[in-house]
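Student: After the structure tokens below, expect a handful of questions from me.
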Amino acid sequence: MSAPYRLWTDGGARGNPGPAGIGVVLKGPEGDVIEEIGKTIGKATNNVAEYEGLIAGLELAAKHKVAKLEVYMDSLLVVQQMRGIFKVKHKGLLPLYDKAKVLVGDFDQVRLHAVPRGENAHADSLVNQSLDADPA
């Protein structure tokens with residue numbers, strides 16, 4: 001049985017809402033970085049940015065034909081909503097939630113994990129680098 005890939009995602013906004021960015025790191029089963037993304041996404045809230053990071057990460061993993069995926073992010077809200085434990089109450093998040101759910105369905109297995117921000121440092125640094133480079 002093949003070992004899962006690991007996906008680290010983050011999203012953040014400077015101001016809420018404010019200039020926002022995402023960070024994504026896809027690692028292979030051996031821990032090697034396959035590809036990473038750090039980019040701005042315009043003006044958004046923190047929660048929108050977190051979902052955008054997750055969606056970008058799932059799309060990246062699909063592009064690399066990943067079957068089994070462990071996803072790590074520091075947004076407990078998004079993880080619990082994706083697990084069906086928390087309801088998506090904010091109407092602005094519903095389309096992002098729906099898109100992420102569809103993408104998750106394309107994999108053989110996806111497990112989502114909420115981790116402390118300190119354990120998500122690589123993806124977080126990509127968010128900050130993108131916002132420092134393009135603060136608009």
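Chain lettering (A, B, ...) mirrors the order of the structure tokens, residue numbering begins at 1 for each chain separately, and ligand numbering begins at 1 in order of display.
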Identify, on the basis of only C-alpha atoms, every residue whose closest approach to Val33 in chain A does not exceed 12 Å; exclude the query and any residue fewer than 6 positions from it along the same chain; express the result as JSON, numbers by chain.

Tutor: {"A": [5, 6, 7, 8, 24, 25, 26, 27, 61, 122, 123]}

Student: Could you give me, as a VMD selection string, the residues within 7 Å of Ser130 in chain A, counting only C-alpha atoms and dropping anything in the same chain fewer than 2 positions from it?

Tutor: chain A and resid 21 38 to 40 126 to 128 132 to 134

Student: Output the selection as an mmCIF file, in the first residue's frame - N, CA and C atoms for each residue.

Tutor:
data_model
loop_
_atom_site.group_PDB
_atom_site.id
_atom_site.type_symbol
_atom_site.label_atom_id
_atom_site.label_comp_id
_atom_site.auth_asym_id
_atom_site.auth_seq_id
_atom_site.Cartn_x
_atom_site.Cartn_y
_atom_site.Cartn_z
ATOM 1 N N GLY A 21 -3.032 36.274 1.185
ATOM 2 C CA GLY A 21 -2.175 35.373 0.430
ATOM 3 C C GLY A 21 -2.352 33.952 0.897
ATOM 4 N N GLY A 38 3.284 30.139 -3.238
ATOM 5 C CA GLY A 38 3.068 31.298 -2.381
ATOM 6 C C GLY A 38 2.593 32.417 -3.284
ATOM 7 N N LYS A 39 1.363 32.898 -3.058
ATOM 8 C CA LYS A 39 0.858 33.961 -3.927
ATOM 9 C C LYS A 39 -0.217 34.756 -3.218
ATOM 10 N N THR A 40 -0.390 35.982 -3.687
ATOM 11 C CA THR A 40 -1.450 36.822 -3.164
ATOM 12 C C THR A 40 -2.752 36.478 -3.882
ATOM 13 N N LEU A 126 5.428 31.137 3.304
ATOM 14 C CA LEU A 126 5.098 31.419 1.904
ATOM 15 C C LEU A 126 3.998 32.480 1.802
ATOM 16 N N VAL A 127 3.031 32.437 2.726
ATOM 17 C CA VAL A 127 1.997 33.474 2.773
ATOM 18 C C VAL A 127 2.643 34.827 3.002
ATOM 19 N N ASN A 128 3.495 34.910 4.021
ATOM 20 C CA ASN A 128 4.117 36.188 4.369
ATOM 21 C C ASN A 128 5.066 36.690 3.291
ATOM 22 N N ASP A 132 4.651 40.226 1.496
ATOM 23 C CA ASP A 132 5.740 41.195 1.553
ATOM 24 C C ASP A 132 6.136 41.646 0.151
ATOM 25 N N ALA A 133 6.098 40.718 -0.817
ATOM 26 C CA ALA A 133 6.490 41.016 -2.199
ATOM 27 C C ALA A 133 5.417 41.797 -2.946
ATOM 28 N N ASP A 134 4.146 41.541 -2.592
ATOM 29 C CA ASP A 134 3.030 42.166 -3.309
ATOM 30 C C ASP A 134 1.945 42.554 -2.300
#

Student: Using only C-alpha atoms, find the one residue out of A:Glu30, A:Val110, A:Arg117, A:Asn46 that sits nearest to Ala3 in chain A.

Tutor: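 Looking only at the distances to Ala3 in chain A, the closest residue turns out to be A:Glu30.
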
Student: Please provide the set of residues having any atom within 10 Å of Pro19 in chain A, restricted to only C-alpha atoms, with same-chain residues fewer than 5 positions apart removed, written as a list in words.

Tutor: Gly12, Ala13, Arg14, Thr40, Ile41, Gly42, Lys43, Ala44, Thr45, Asn46, Ala49, Leu131, Asp134, Pro135 and Ala136 of chain A

Student: As a list in words, please: the residues near Pro4 in chain A (cut-off 6 Å, only C-alpha atoms, same-chain neighbours under 2 positions excluded).

Tutor: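 Contacts, in chain order: Pro29, Lys68 and Leu69 of chain A.
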
Student: Can you spit out the residues from that selection as a CSV table (one decimal), in the first residue's frame, using all heavy atoms?

Tutor:
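The result, written out as selection.csv:
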chain,number,residue,atom,x,y,z
A,29,PRO,N,5.9,11.1,-0.2
A,29,PRO,CA,5.9,10.1,0.9
A,29,PRO,C,7.2,10.1,1.7
A,29,PRO,O,7.2,9.8,2.9
A,29,PRO,CB,5.6,8.8,0.2
A,29,PRO,CG,5.0,9.1,-1.0
A,29,PRO,CD,5.5,10.5,-1.5
A,68,LYS,N,-3.4,9.3,-2.1
A,68,LYS,CA,-3.6,9.4,-0.7
A,68,LYS,C,-3.0,10.6,-0.2
A,68,LYS,O,-1.8,10.9,-0.5
A,68,LYS,CB,-3.1,8.1,0.0
A,68,LYS,CG,-3.9,6.9,-0.3
A,68,LYS,CD,-3.2,5.6,0.2
A,68,LYS,CE,-3.0,5.7,1.7
A,68,LYS,NZ,-2.3,4.4,2.2
A,69,LEU,N,-3.7,11.4,0.6
A,69,LEU,CA,-3.2,12.7,1.0
A,69,LEU,C,-3.5,13.0,2.5
A,69,LEU,O,-4.6,12.8,3.0
A,69,LEU,CB,-3.9,13.8,0.2
A,69,LEU,CG,-3.4,15.2,0.2
A,69,LEU,CD1,-1.9,15.3,-0.2
A,69,LEU,CD2,-4.2,16.1,-0.7
